[in-house]
$ cat run-v3.cif   # mmCIF, C-alpha atoms
data_entry
#
loop_
_atom_site.group_PDB
_atom_site.id
_atom_site.type_symbol
_atom_site.label_atom_id
_atom_site.label_comp_id
_atom_site.auth_asym_id
_atom_site.auth_seq_id
_atom_site.Cartn_x
_atom_site.Cartn_y
_atom_site.Cartn_z
ATOM 1 C CA MET A 52 -39.852 -4.010 -17.221
ATOM 2 C CA THR A 53 -43.509 -3.502 -16.298
ATOM 3 C CA GLY A 54 -45.535 -2.283 -19.245
ATOM 4 C CA ALA A 55 -42.812 -3.156 -21.764
ATOM 5 C CA LYS A 56 -43.302 -5.797 -24.426
ATOM 6 C CA ILE A 57 -40.436 -8.250 -23.955
ATOM 7 C CA ARG A 58 -39.309 -10.484 -26.798
ATOM 8 C CA ALA A 59 -39.003 -14.132 -25.811
ATOM 9 C CA ARG A 60 -36.587 -15.182 -28.540
ATOM 10 C CA ILE A 61 -33.226 -13.441 -28.702
ATOM 11 C CA ARG A 62 -29.829 -14.021 -30.259
ATOM 12 C CA ILE A 63 -26.651 -13.477 -28.252
ATOM 13 C CA GLY A 64 -23.009 -13.463 -29.265
ATOM 14 C CA LEU A 65 -19.952 -14.354 -27.200
ATOM 15 C CA ALA A 66 -16.304 -13.450 -27.722
ATOM 16 C CA GLN A 67 -13.663 -15.734 -26.206
ATOM 17 C CA THR A 68 -10.317 -13.938 -26.016
ATOM 18 C CA THR A 69 -6.653 -14.424 -25.191
ATOM 19 C CA THR A 70 -6.207 -10.904 -23.860
ATOM 20 C CA GLY A 71 -2.684 -9.497 -23.950
ATOM 21 C CA LEU A 72 -0.734 -6.543 -22.583
ATOM 22 C CA SER A 73 -1.678 -3.918 -25.185
ATOM 23 C CA PRO A 74 -5.030 -2.228 -24.450
ATOM 24 C CA GLU A 75 -5.066 -0.774 -27.968
ATOM 25 C CA ARG A 76 -4.676 -4.174 -29.661
ATOM 26 C CA ASN A 77 -7.175 -5.743 -27.275
ATOM 27 C CA ALA A 78 -9.710 -2.993 -27.942
ATOM 28 C CA ALA A 79 -9.352 -3.323 -31.709
ATOM 29 C CA HIS A 80 -9.858 -7.089 -31.505
ATOM 30 C CA LEU A 81 -12.968 -6.662 -29.327
ATOM 31 C CA ALA A 82 -14.456 -4.016 -31.603
ATOM 32 C CA GLN A 83 -13.994 -6.317 -34.588
ATOM 33 C CA ALA A 84 -15.696 -9.176 -32.734
ATOM 34 C CA ILE A 85 -18.621 -6.952 -31.739
ATOM 35 C CA GLY A 86 -19.054 -5.808 -35.335
ATOM 36 C CA GLU A 87 -19.007 -9.370 -36.678
ATOM 37 C CA LEU A 88 -21.507 -10.602 -34.115
ATOM 38 C CA ALA A 89 -23.786 -7.610 -34.707
ATOM 39 C CA GLU A 90 -23.770 -8.415 -38.438
ATOM 40 C CA GLN A 91 -24.897 -11.947 -37.546
ATOM 41 C CA GLY A 92 -27.955 -10.518 -35.821
ATOM 42 C CA ALA A 93 -26.870 -10.568 -32.173
ATOM 43 C CA ASP A 94 -29.138 -8.634 -29.820
ATOM 44 C CA ALA A 95 -26.348 -8.603 -27.222
ATOM 45 C CA VAL A 96 -22.645 -9.429 -27.155
ATOM 46 C CA PHE A 97 -20.921 -10.816 -24.052
ATOM 47 C CA LEU A 98 -17.192 -10.273 -23.404
ATOM 48 C CA PRO A 99 -14.836 -11.925 -20.858
ATOM 49 C CA GLU A 100 -13.429 -10.667 -17.573
ATOM 50 C CA MET A 101 -10.448 -8.296 -17.899
ATOM 51 C CA CYS A 102 -10.921 -8.123 -21.663
ATOM 52 C CA GLY A 103 -9.103 -4.785 -21.969
ATOM 53 C CA LEU A 104 -5.859 -5.817 -20.277
ATOM 54 C CA LEU A 105 -4.879 -9.049 -18.528
ATOM 55 C CA ASP A 106 -1.686 -8.743 -16.483
ATOM 56 C CA ARG A 107 -0.738 -10.553 -13.280
ATOM 57 C CA ASP A 108 2.036 -8.007 -12.646
ATOM 58 C CA GLY A 109 0.188 -5.756 -10.204
ATOM 59 C CA ARG A 110 2.471 -2.739 -10.572
ATOM 60 C CA ARG A 111 2.353 -2.839 -14.348
ATOM 61 C CA LEU A 112 -1.425 -3.261 -14.307
ATOM 62 C CA ARG A 113 -1.921 -0.292 -11.979
ATOM 63 C CA ALA A 114 0.353 1.848 -14.153
ATOM 64 C CA ALA A 115 -1.661 1.000 -17.257
ATOM 65 C CA ALA A 116 -5.109 1.373 -15.669
ATOM 66 C CA ARG A 117 -7.148 4.483 -16.365
ATOM 67 C CA THR A 118 -10.246 6.062 -14.880
ATOM 68 C CA GLU A 119 -13.570 5.216 -16.451
ATOM 69 C CA ALA A 120 -13.628 8.580 -18.261
ATOM 70 C CA GLU A 121 -10.109 8.059 -19.642
ATOM 71 C CA ASP A 122 -10.131 4.328 -20.388
ATOM 72 C CA PRO A 123 -9.414 3.845 -24.126
ATOM 73 C CA VAL A 124 -10.860 0.327 -24.242
ATOM 74 C CA LEU A 125 -14.182 1.435 -22.789
ATOM 75 C CA ALA A 126 -14.346 4.312 -25.277
ATOM 76 C CA THR A 127 -13.679 1.920 -28.177
ATOM 77 C CA LEU A 128 -16.320 -0.531 -26.958
ATOM 78 C CA ARG A 129 -18.903 2.224 -26.591
ATOM 79 C CA ARG A 130 -18.302 3.241 -30.203
ATOM 80 C CA ALA A 131 -18.492 -0.402 -31.343
ATOM 81 C CA ALA A 132 -21.818 -0.901 -29.540
ATOM 82 C CA ALA A 133 -23.250 2.216 -31.183
ATOM 83 C CA ASP A 134 -21.865 1.337 -34.624
ATOM 84 C CA GLY A 135 -23.303 -2.190 -34.411
ATOM 85 C CA ARG A 136 -26.534 -1.083 -32.732
ATOM 86 C CA VAL A 137 -26.057 -3.906 -30.242
ATOM 87 C CA VAL A 138 -26.051 -4.239 -26.446
ATOM 88 C CA VAL A 139 -22.587 -5.126 -25.107
ATOM 89 C CA ALA A 140 -21.963 -6.751 -21.724
ATOM 90 C CA VAL A 141 -18.336 -5.859 -21.075
ATOM 91 C CA GLY A 142 -17.124 -8.693 -18.834
ATOM 92 C CA SER A 143 -14.840 -6.371 -16.912
ATOM 93 C CA LEU A 144 -12.062 -3.810 -17.139
ATOM 94 C CA ALA A 145 -9.446 -2.751 -14.594
ATOM 95 C CA ILE A 146 -10.602 0.753 -13.649
ATOM 96 C CA ARG A 147 -8.670 3.293 -11.598
ATOM 97 C CA THR A 148 -10.752 4.780 -8.773
ATOM 98 C CA ALA A 149 -10.346 7.323 -5.983
ATOM 99 C CA ASP A 150 -8.514 4.573 -4.068
ATOM 100 C CA SER A 151 -5.047 5.219 -5.514
ATOM 101 C CA GLU A 152 -3.689 1.888 -4.301
ATOM 102 C CA ARG A 153 -6.393 -0.407 -5.621
ATOM 103 C CA LEU A 154 -8.424 -0.760 -8.800
ATOM 104 C CA SER A 155 -11.992 -1.868 -9.458
ATOM 105 C CA ASN A 156 -12.702 -5.019 -11.461
ATOM 106 C CA ARG A 157 -15.725 -3.470 -13.159
ATOM 107 C CA SER A 158 -18.342 -4.802 -15.558
ATOM 108 C CA PHE A 159 -20.236 -2.458 -17.852
ATOM 109 C CA VAL A 160 -23.430 -2.947 -19.819
ATOM 110 C CA LEU A 161 -23.563 -0.714 -22.880
ATOM 111 C CA GLY A 162 -26.750 0.134 -24.718
ATOM 112 C CA ALA A 163 -27.130 -0.111 -28.473
ATOM 113 C CA ASP A 164 -26.446 3.629 -28.596
ATOM 114 C CA GLY A 165 -23.172 3.255 -26.682
ATOM 115 C CA ARG A 166 -24.473 4.668 -23.407
ATOM 116 C CA ILE A 167 -23.389 3.043 -20.131
ATOM 117 C CA LEU A 168 -26.552 1.426 -18.754
ATOM 118 C CA ALA A 169 -25.063 -0.327 -15.715
ATOM 119 C CA ARG A 170 -21.867 -0.902 -13.771
ATOM 120 C CA TYR A 171 -20.929 -3.698 -11.412
ATOM 121 C CA ASP A 172 -17.767 -4.023 -9.314
ATOM 122 C CA LYS A 173 -16.773 -7.601 -8.505
ATOM 123 C CA MET A 174 -17.901 -8.339 -4.950
ATOM 124 C CA HIS A 175 -15.918 -11.470 -4.072
ATOM 125 C CA LEU A 176 -12.126 -11.303 -4.238
ATOM 126 C CA PHE A 177 -9.865 -14.347 -4.391
ATOM 127 C CA ASP A 178 -7.400 -14.403 -1.474
ATOM 128 C CA VAL A 179 -5.846 -17.779 -0.709
ATOM 129 C CA GLU A 180 -2.650 -19.587 0.266
ATOM 130 C CA LEU A 181 -2.413 -23.004 -1.365
ATOM 131 C CA PRO A 182 -0.626 -26.039 0.085
ATOM 132 C CA ASN A 183 1.927 -25.886 -2.746
ATOM 133 C CA GLY A 184 3.014 -22.416 -1.632
ATOM 134 C CA GLU A 185 1.118 -20.402 -4.247
ATOM 135 C CA ARG A 186 -0.510 -17.237 -2.917
ATOM 136 C CA TYR A 187 -3.264 -15.159 -4.466
ATOM 137 C CA ARG A 188 -4.160 -11.753 -3.022
ATOM 138 C CA GLU A 189 -6.720 -10.187 -5.307
ATOM 139 C CA SER A 190 -7.658 -7.747 -2.551
ATOM 140 C CA ALA A 191 -4.135 -6.301 -2.617
ATOM 141 C CA GLY A 192 -4.764 -4.863 -6.067
ATOM 142 C CA PHE A 193 -8.551 -4.518 -6.196
ATOM 143 C CA ARG A 194 -11.305 -3.150 -3.985
ATOM 144 C CA ALA A 195 -14.445 -5.227 -3.576
ATOM 145 C CA GLY A 196 -17.785 -4.007 -4.855
ATOM 146 C CA GLU A 197 -20.526 -3.266 -2.365
ATOM 147 C CA GLY A 198 -23.693 -4.564 -3.997
ATOM 148 C CA ALA A 199 -25.410 -6.650 -6.662
ATOM 149 C CA GLN A 200 -26.548 -5.157 -9.956
ATOM 150 C CA LEU A 201 -29.356 -5.772 -12.440
ATOM 151 C CA VAL A 202 -30.155 -3.986 -15.680
ATOM 152 C CA ASP A 203 -33.339 -3.948 -17.757
ATOM 153 C CA LEU A 204 -32.634 -4.429 -21.459
ATOM 154 C CA PRO A 205 -35.046 -4.360 -24.424
ATOM 155 C CA PHE A 206 -35.299 -8.158 -24.317
ATOM 156 C CA GLY A 207 -35.208 -8.896 -20.576
ATOM 157 C CA ARG A 208 -33.494 -8.419 -17.211
ATOM 158 C CA LEU A 209 -29.775 -9.182 -16.866
ATOM 159 C CA GLY A 210 -27.900 -9.833 -13.614
ATOM 160 C CA LEU A 211 -24.154 -9.261 -13.336
ATOM 161 C CA ALA A 212 -21.423 -11.354 -11.715
ATOM 162 C CA ILE A 213 -17.684 -11.786 -12.335
ATOM 163 C CA CYS A 214 -15.422 -14.859 -12.117
ATOM 164 C CA TYR A 215 -14.963 -15.807 -8.408
ATOM 165 C CA ASP A 216 -18.539 -14.631 -7.784
ATOM 166 C CA LEU A 217 -19.506 -17.926 -9.428
ATOM 167 C CA ARG A 218 -18.726 -19.754 -6.178
ATOM 168 C CA PHE A 219 -21.309 -17.761 -4.195
ATOM 169 C CA PRO A 220 -24.825 -19.019 -4.953
ATOM 170 C CA GLU A 221 -26.363 -16.419 -2.638
ATOM 171 C CA LEU A 222 -25.475 -13.663 -5.128
ATOM 172 C CA HIS A 223 -27.032 -15.489 -8.059
ATOM 173 C CA ALA A 224 -30.149 -16.339 -6.044
ATOM 174 C CA ALA A 225 -30.538 -12.669 -5.075
ATOM 175 C CA LEU A 226 -30.314 -11.668 -8.751
ATOM 176 C CA ALA A 227 -32.906 -14.268 -9.734
ATOM 177 C CA ARG A 228 -35.307 -13.285 -6.951
ATOM 178 C CA ALA A 229 -35.030 -9.688 -8.174
ATOM 179 C CA GLY A 230 -36.182 -10.745 -11.633
ATOM 180 C CA ALA A 231 -33.039 -11.689 -13.565
ATOM 181 C CA GLN A 232 -33.715 -13.907 -16.572
ATOM 182 C CA LEU A 233 -30.099 -14.025 -17.656
ATOM 183 C CA ILE A 234 -26.913 -13.781 -15.603
ATOM 184 C CA ALA A 235 -23.622 -12.680 -17.154
ATOM 185 C CA GLN A 236 -20.758 -14.638 -15.571
ATOM 186 C CA PRO A 237 -17.558 -13.566 -17.357
ATOM 187 C CA ALA A 238 -14.326 -15.096 -16.118
ATOM 188 C CA SER A 239 -10.618 -15.799 -16.520
ATOM 189 C CA PHE A 240 -10.518 -19.199 -14.781
ATOM 190 C CA THR A 241 -7.201 -20.978 -14.457
ATOM 191 C CA VAL A 242 -6.838 -24.333 -16.188
ATOM 192 C CA PRO A 243 -6.810 -26.510 -13.007
ATOM 193 C CA THR A 244 -9.869 -24.898 -11.422
ATOM 194 C CA GLY A 245 -11.622 -24.646 -14.752
ATOM 195 C CA THR A 246 -11.124 -28.327 -15.457
ATOM 196 C CA ALA A 247 -12.409 -29.265 -12.005
ATOM 197 C CA HIS A 248 -15.257 -26.839 -11.404
ATOM 198 C CA TRP A 249 -16.218 -24.580 -14.348
ATOM 199 C CA HIS A 250 -18.939 -26.642 -16.012
ATOM 200 C CA VAL A 251 -20.512 -28.001 -12.836
ATOM 201 C CA LEU A 252 -20.688 -24.615 -11.096
ATOM 202 C CA LEU A 253 -22.209 -22.844 -14.095
ATOM 203 C CA ARG A 254 -24.799 -25.577 -14.547
ATOM 204 C CA ALA A 255 -25.593 -25.477 -10.817
ATOM 205 C CA ARG A 256 -26.101 -21.688 -10.834
ATOM 206 C CA ALA A 257 -28.430 -21.994 -13.850
ATOM 207 C CA ILE A 258 -30.468 -24.783 -12.247
ATOM 208 C CA GLU A 259 -30.696 -23.049 -8.860
ATOM 209 C CA THR A 260 -31.828 -19.734 -10.314
ATOM 210 C CA GLY A 261 -33.836 -20.862 -13.343
ATOM 211 C CA CYS A 262 -31.816 -18.370 -15.388
ATOM 212 C CA PHE A 263 -29.812 -18.520 -18.564
ATOM 213 C CA VAL A 264 -26.159 -18.189 -17.528
ATOM 214 C CA VAL A 265 -23.845 -16.626 -20.116
ATOM 215 C CA ALA A 266 -20.165 -17.110 -19.317
ATOM 216 C CA ALA A 267 -17.714 -15.487 -21.726
ATOM 217 C CA ALA A 268 -14.198 -16.569 -20.776
ATOM 218 C CA GLN A 269 -10.521 -15.952 -21.359
ATOM 219 C CA SER A 270 -8.661 -18.819 -23.026
ATOM 220 C CA GLY A 271 -5.109 -19.876 -23.843
ATOM 221 C CA LEU A 272 -1.589 -18.764 -22.958
ATOM 222 C CA HIS A 273 -1.411 -15.029 -22.280
ATOM 223 C CA GLU A 274 1.446 -12.562 -22.660
ATOM 224 C CA ASP A 275 1.781 -12.262 -18.881
ATOM 225 C CA GLY A 276 2.519 -16.002 -18.682
ATOM 226 C CA ARG A 277 -0.769 -17.246 -17.276
ATOM 227 C CA ALA A 278 -2.944 -19.883 -18.932
ATOM 228 C CA THR A 279 -6.737 -19.692 -18.817
ATOM 229 C CA TYR A 280 -9.288 -22.431 -19.312
ATOM 230 C CA GLY A 281 -11.613 -21.066 -21.997
ATOM 231 C CA HIS A 282 -14.809 -23.062 -22.593
ATOM 232 C CA SER A 283 -17.134 -20.065 -22.732
ATOM 233 C CA LEU A 284 -20.544 -21.516 -21.943
ATOM 234 C CA VAL A 285 -24.214 -20.711 -22.315
ATOM 235 C CA VAL A 286 -26.395 -22.793 -19.990
ATOM 236 C CA ASN A 287 -30.193 -22.822 -20.092
ATOM 237 C CA PRO A 288 -32.451 -22.686 -16.997
ATOM 238 C CA TRP A 289 -32.720 -26.476 -16.939
ATOM 239 C CA GLY A 290 -28.942 -26.814 -16.679
ATOM 240 C CA GLU A 291 -28.355 -27.886 -20.272
ATOM 241 C CA VAL A 292 -25.227 -26.572 -22.016
ATOM 242 C CA LEU A 293 -26.322 -24.820 -25.204
ATOM 243 C CA LEU A 294 -22.841 -23.654 -26.195
ATOM 244 C CA ASP A 295 -19.292 -24.679 -25.246
ATOM 245 C CA MET A 296 -16.635 -22.750 -27.170
ATOM 246 C CA GLY A 297 -13.815 -25.084 -26.176
ATOM 247 C CA GLU A 298 -10.278 -23.707 -26.262
ATOM 248 C CA GLY A 299 -8.815 -20.850 -28.257
ATOM 249 C CA ALA A 300 -10.030 -17.387 -29.159
ATOM 250 C CA GLY A 301 -13.106 -16.871 -31.307
ATOM 251 C CA THR A 302 -16.747 -15.851 -31.458
ATOM 252 C CA ALA A 303 -20.035 -17.736 -31.392
ATOM 253 C CA ILE A 304 -23.764 -17.107 -31.743
ATOM 254 C CA VAL A 305 -26.584 -18.857 -29.874
ATOM 255 C CA ASP A 306 -30.355 -18.335 -29.917
ATOM 256 C CA LEU A 307 -32.276 -18.272 -26.626
ATOM 257 C CA ASP A 308 -35.949 -18.558 -25.768
ATOM 258 C CA LEU A 309 -36.543 -16.588 -22.577
ATOM 259 C CA ALA A 310 -39.880 -18.364 -22.121
ATOM 260 C CA GLU A 311 -37.756 -21.241 -20.805
ATOM 261 C CA VAL A 312 -37.083 -19.209 -17.659
ATOM 262 C CA GLU A 313 -40.668 -19.265 -16.427
ATOM 263 C CA ALA A 314 -41.130 -22.839 -17.630
ATOM 264 C CA ALA A 315 -38.139 -24.063 -15.589
ATOM 265 C CA ARG A 316 -39.215 -22.113 -12.508
ATOM 266 C CA ALA A 317 -42.716 -23.534 -12.752
ATOM 267 C CA ARG A 318 -41.333 -27.085 -12.806
ATOM 268 C CA ILE A 319 -38.915 -26.478 -9.923
ATOM 269 C CA PRO A 320 -40.243 -23.483 -7.900
ATOM 270 C CA SER A 321 -37.320 -23.419 -5.476
ATOM 271 C CA LEU A 322 -36.984 -19.624 -5.628
ATOM 272 C CA ARG A 323 -40.523 -19.291 -4.240
ATOM 273 C CA HIS A 324 -39.944 -21.982 -1.653
ATOM 274 C CA ALA A 325 -36.690 -20.574 -0.272
ATOM 275 C CA ARG A 326 -36.858 -19.519 3.383
ATOM 276 C CA ALA A 327 -34.630 -17.177 5.328
ATOM 277 C CA ILE A 328 -32.191 -19.224 7.375
ATOM 278 C CA GLY A 329 -30.586 -17.820 10.483
ATOM 279 C CA ARG A 330 -27.684 -19.201 12.433
ATOM 280 C CA PRO A 331 -28.066 -22.997 12.662
ATOM 281 C CA ALA A 332 -28.727 -24.509 16.085
ATOM 282 C CA LEU A 333 -25.843 -26.602 17.395
ATOM 283 C CA SER A 334 -26.300 -29.749 19.449
ATOM 284 C CA GLY A 335 -24.213 -32.767 20.317
ATOM 285 C CA THR A 336 -21.125 -30.732 21.154
ATOM 286 C CA MET A 337 -18.282 -32.247 23.117
ATOM 287 C CA ALA A 338 -19.288 -30.104 26.075
ATOM 288 C CA ASP A 339 -22.847 -31.473 25.967
ATOM 289 C CA THR A 340 -21.541 -35.006 25.689
ATOM 290 C CA MET A 341 -19.233 -34.567 28.675
ATOM 291 C CA ALA A 342 -21.963 -32.912 30.746
ATOM 292 C CA GLY A 343 -24.320 -35.761 29.933
ATOM 293 C CA ALA A 344 -21.725 -38.331 30.927
ATOM 294 C CA MET A 345 -21.217 -36.687 34.318
ATOM 295 C CA THR A 346 -24.952 -36.747 35.115
ATOM 296 C CA ASP A 347 -25.671 -40.198 33.663
ATOM 297 C CA THR A 348 -26.894 -42.503 36.508
ATOM 298 C CA THR A 349 -27.391 -45.569 34.341
ATOM 299 C CA PRO A 350 -25.793 -48.571 36.126
#

$ encode --input "run-v3.cif" --output "structure tokens"
Amino acid sequence: MTGAKIRARIRIGLAQTTTGLSPERNAAHLAQAIGELAEQGADAVFLPEMCGLLDRDGRRLRAAARTEAEDPVLATLRRAAADGRVVVAVGSLAIRTADSERLSNRSFVLGADGRILARYDKMHLFDVELPNGERYRESAGFRAGEGAQLVDLPFGRLGLAICYDLRFPELHAALARAGAQLIAQPASFTVPTGTAHWHVLLRARAIETGCFVVAAAQSGLHEDGRATYGHSLVVNPWGEVLLDMGEGAGTAIVDLDLAEVEAARARIPSLRHARAIGRPALSGTMADTMAGAMTDTTP
């Protein structure tokens, strides 16, 4: 961004979707949303995670997935970005890769001419066995990304993250230290975890990084039977919620002042004060306690 004149005030649009099982219908809905938001003056449009196809049936999802070059949703979104002359942050699509068994959960940033400016593969995958017997094995169907990603846009520097990445502040801090002013945090949070953690985690990541955090989300009951939390948020660098889209599908516009990034970081310069922390020293172990007891000569 050196040498470029960056606009402080920008307008962004968000689409909150209830993505179904038909990539064609999903793509048409997204293209319409992009066009509407572009007409309202959006400089950039942010879309949710897995906005092209949301399906918890792994076999069916793999059968429907296409390579980046063949993906019909990506092609439609590239045309919509060019038609609307607007940057589009595609939350993510399920993309077939050279790994025939697993897909990539991949974000794209599209320029206002439809070109692909950046890609990011979700780094953190959700594998867990819950006490109630539920099991999630995201790594069975997806391969983890290998690195963080930033992209310089006409209005500023954008960092990319996806869904479960939200729970890893180290990623967001790395993006901020590398110059991110905004962080895209698309998601398809479940209702229980969304209710418990969505707002507080997004506000925490914004406060810690001094960034605007833009979180376009899935919402509602989907064709595959899952229910997602919604509440697409935009949070400013001071941790204030500028937009909460609540439940249900729809679009929204919000104006941002990127000068707030430097103002927040000047008030709380934690990024500059952060120090590298190695393995913590450990004292007071049971072994130390027992050894001390054996050598204690106090009467």

$ residues_around --input "run-v3.cif" --residues "region 85-100 of chain A" --least-positions-apart "5" --cutoff "8 Å" --atoms "all atoms listed in the file" --output "JSON, numbers by chain"
{"A": [61, 62, 63, 64, 65, 66, 67, 68, 131, 132, 134, 135, 136, 137, 138, 139, 140, 141, 142, 143, 144, 158, 213, 214, 235, 237, 238, 239, 265, 266, 267, 268, 269, 302, 303, 304]}

$ closest_residue --input "run-v3.cif" --among "A:Arg208, A:His273, A:Arg186, A:Arg157" --to "Met174 (chain A)" --atoms "all atoms listed in the file"
A:Arg157

$ atom_distance --input "run-v3.cif" --atom1 "CA of Ala257 (chain A)" --atom2 "CA of Gly245 (chain A)"
17.0 Å

$ closest_residue --input "run-v3.cif" --among "A:Leu209, A:Ala314, A:Leu204, A:Leu161" --to "Gln232 (chain A)" --atoms "all atoms listed in the file"
A:Leu209

$ residues_near_point --input "run-v3.cif" --point "(-41.6, -15.2, -10.3)" --cutoff "12 Å" --atoms "only C-alpha atoms" --output "list in words"
Leu226, Ala227, Arg228, Ala229, Gly230, Ala231, Gln232, Thr260, Gly261, Cys262, Val312, Glu313, Ala314, Ala315, Arg316, Ala317, Ile319, Pro320, Ser321, Leu322, Arg323 and His324 of chain A

$ residues_around --input "run-v3.cif" --residues "Leu293 (chain A)" --least-positions-apart "5" --cutoff "8 Å" --atoms "only C-alpha atoms" --output "list in words"
Leu284, Val285, Val286, Asn287 and Val305 of chain A

$ closest_residue --input "run-v3.cif" --among "A:Arg330, A:Arg254, A:Arg129, A:His248" --to "Val160 (chain A)" --atoms "all atoms listed in the file"
A:Arg129

$ residues_near_point --input "run-v3.cif" --point "(-35.4, -22.9, -24.3)" --cutoff "9 Å" --atoms "only C-alpha atoms" --output "mmCIF file with C-alpha atoms, in the coordinates of the input"
data_model
loop_
_atom_site.group_PDB
_atom_site.id
_atom_site.type_symbol
_atom_site.label_atom_id
_atom_site.label_comp_id
_atom_site.auth_asym_id
_atom_site.auth_seq_id
_atom_site.Cartn_x
_atom_site.Cartn_y
_atom_site.Cartn_z
ATOM 1 C CA ARG A 60 -36.587 -15.182 -28.540
ATOM 2 C CA ASN A 287 -30.193 -22.822 -20.092
ATOM 3 C CA PRO A 288 -32.451 -22.686 -16.997
ATOM 4 C CA TRP A 289 -32.720 -26.476 -16.939
ATOM 5 C CA ASP A 306 -30.355 -18.335 -29.917
ATOM 6 C CA LEU A 307 -32.276 -18.272 -26.626
ATOM 7 C CA ASP A 308 -35.949 -18.558 -25.768
ATOM 8 C CA LEU A 309 -36.543 -16.588 -22.577
ATOM 9 C CA ALA A 310 -39.880 -18.364 -22.121
ATOM 10 C CA GLU A 311 -37.756 -21.241 -20.805
ATOM 11 C CA VAL A 312 -37.083 -19.209 -17.659
ATOM 12 C CA ALA A 314 -41.130 -22.839 -17.630
#

$ atom_distance --input "run-v3.cif" --atom1 "CA of Ala225 (chain A)" --atom2 "CA of Pro243 (chain A)"
28.6 Å

$ closest_residue --input "run-v3.cif" --among "A:Ala195, A:Ile258, A:Arg147, A:Leu211" --to "Arg318 (chain A)" --atoms "all atoms listed in the file"
A:Ile258

$ atom_distance --input "run-v3.cif" --atom1 "CA of Ala115 (chain A)" --atom2 "CA of Gly103 (chain A)"
10.5 Å

$ residues_around --input "run-v3.cif" --residues "Thr127 (chain A)" --least-positions-apart "6" --cutoff "8 Å" --atoms "all atoms listed in the file" --output "ChimeraX atom specification"
/A:78-79,82

$ write_last_selection --input "run-v3.cif" --atoms "C-alpha atoms" --output "compact mmCIF listing (two decimals), in the frame of the given file"
# COMPACT_ATOMS: atom_id res chain seq x y z
CA ALA A 78 -9.71 -2.99 -27.94
CA ALA A 79 -9.35 -3.32 -31.71
CA ALA A 82 -14.46 -4.02 -31.60

$ residues_around --input "run-v3.cif" --residues "Pro123 (chain A)" --least-positions-apart "3" --cutoff "9 Å" --atoms "all atoms listed in the file" --output "PDB file with C-alpha atoms, in the frame of the given file"
ATOM      1  CA  PRO A  74      -5.030  -2.228 -24.450  1.00  0.00           C
ATOM      2  CA  GLU A  75      -5.066  -0.774 -27.968  1.00  0.00           C
ATOM      3  CA  ALA A  78      -9.710  -2.993 -27.942  1.00  0.00           C
ATOM      4  CA  GLY A 103      -9.103  -4.785 -21.969  1.00  0.00           C
ATOM      5  CA  ARG A 117      -7.148   4.483 -16.365  1.00  0.00           C
ATOM      6  CA  GLU A 119     -13.570   5.216 -16.451  1.00  0.00           C
ATOM      7  CA  ALA A 120     -13.628   8.580 -18.261  1.00  0.00           C
ATOM      8  CA  ALA A 126     -14.346   4.312 -25.277  1.00  0.00           C
ATOM      9  CA  THR A 127     -13.679   1.920 -28.177  1.00  0.00           C
ATOM     10  CA  LEU A 128     -16.320  -0.531 -26.958  1.00  0.00           C
TER      11      LEU A 128
END

$ residues_around --input "run-v3.cif" --residues "Tyr215 (chain A)" --least-positions-apart "3" --cutoff "9 Å" --atoms "all atoms listed in the file" --output "list in words"
Lys173, Met174, His175, Leu176, Phe177, Ala212, Arg218, Phe219, Ala238 and Phe240 of chain A
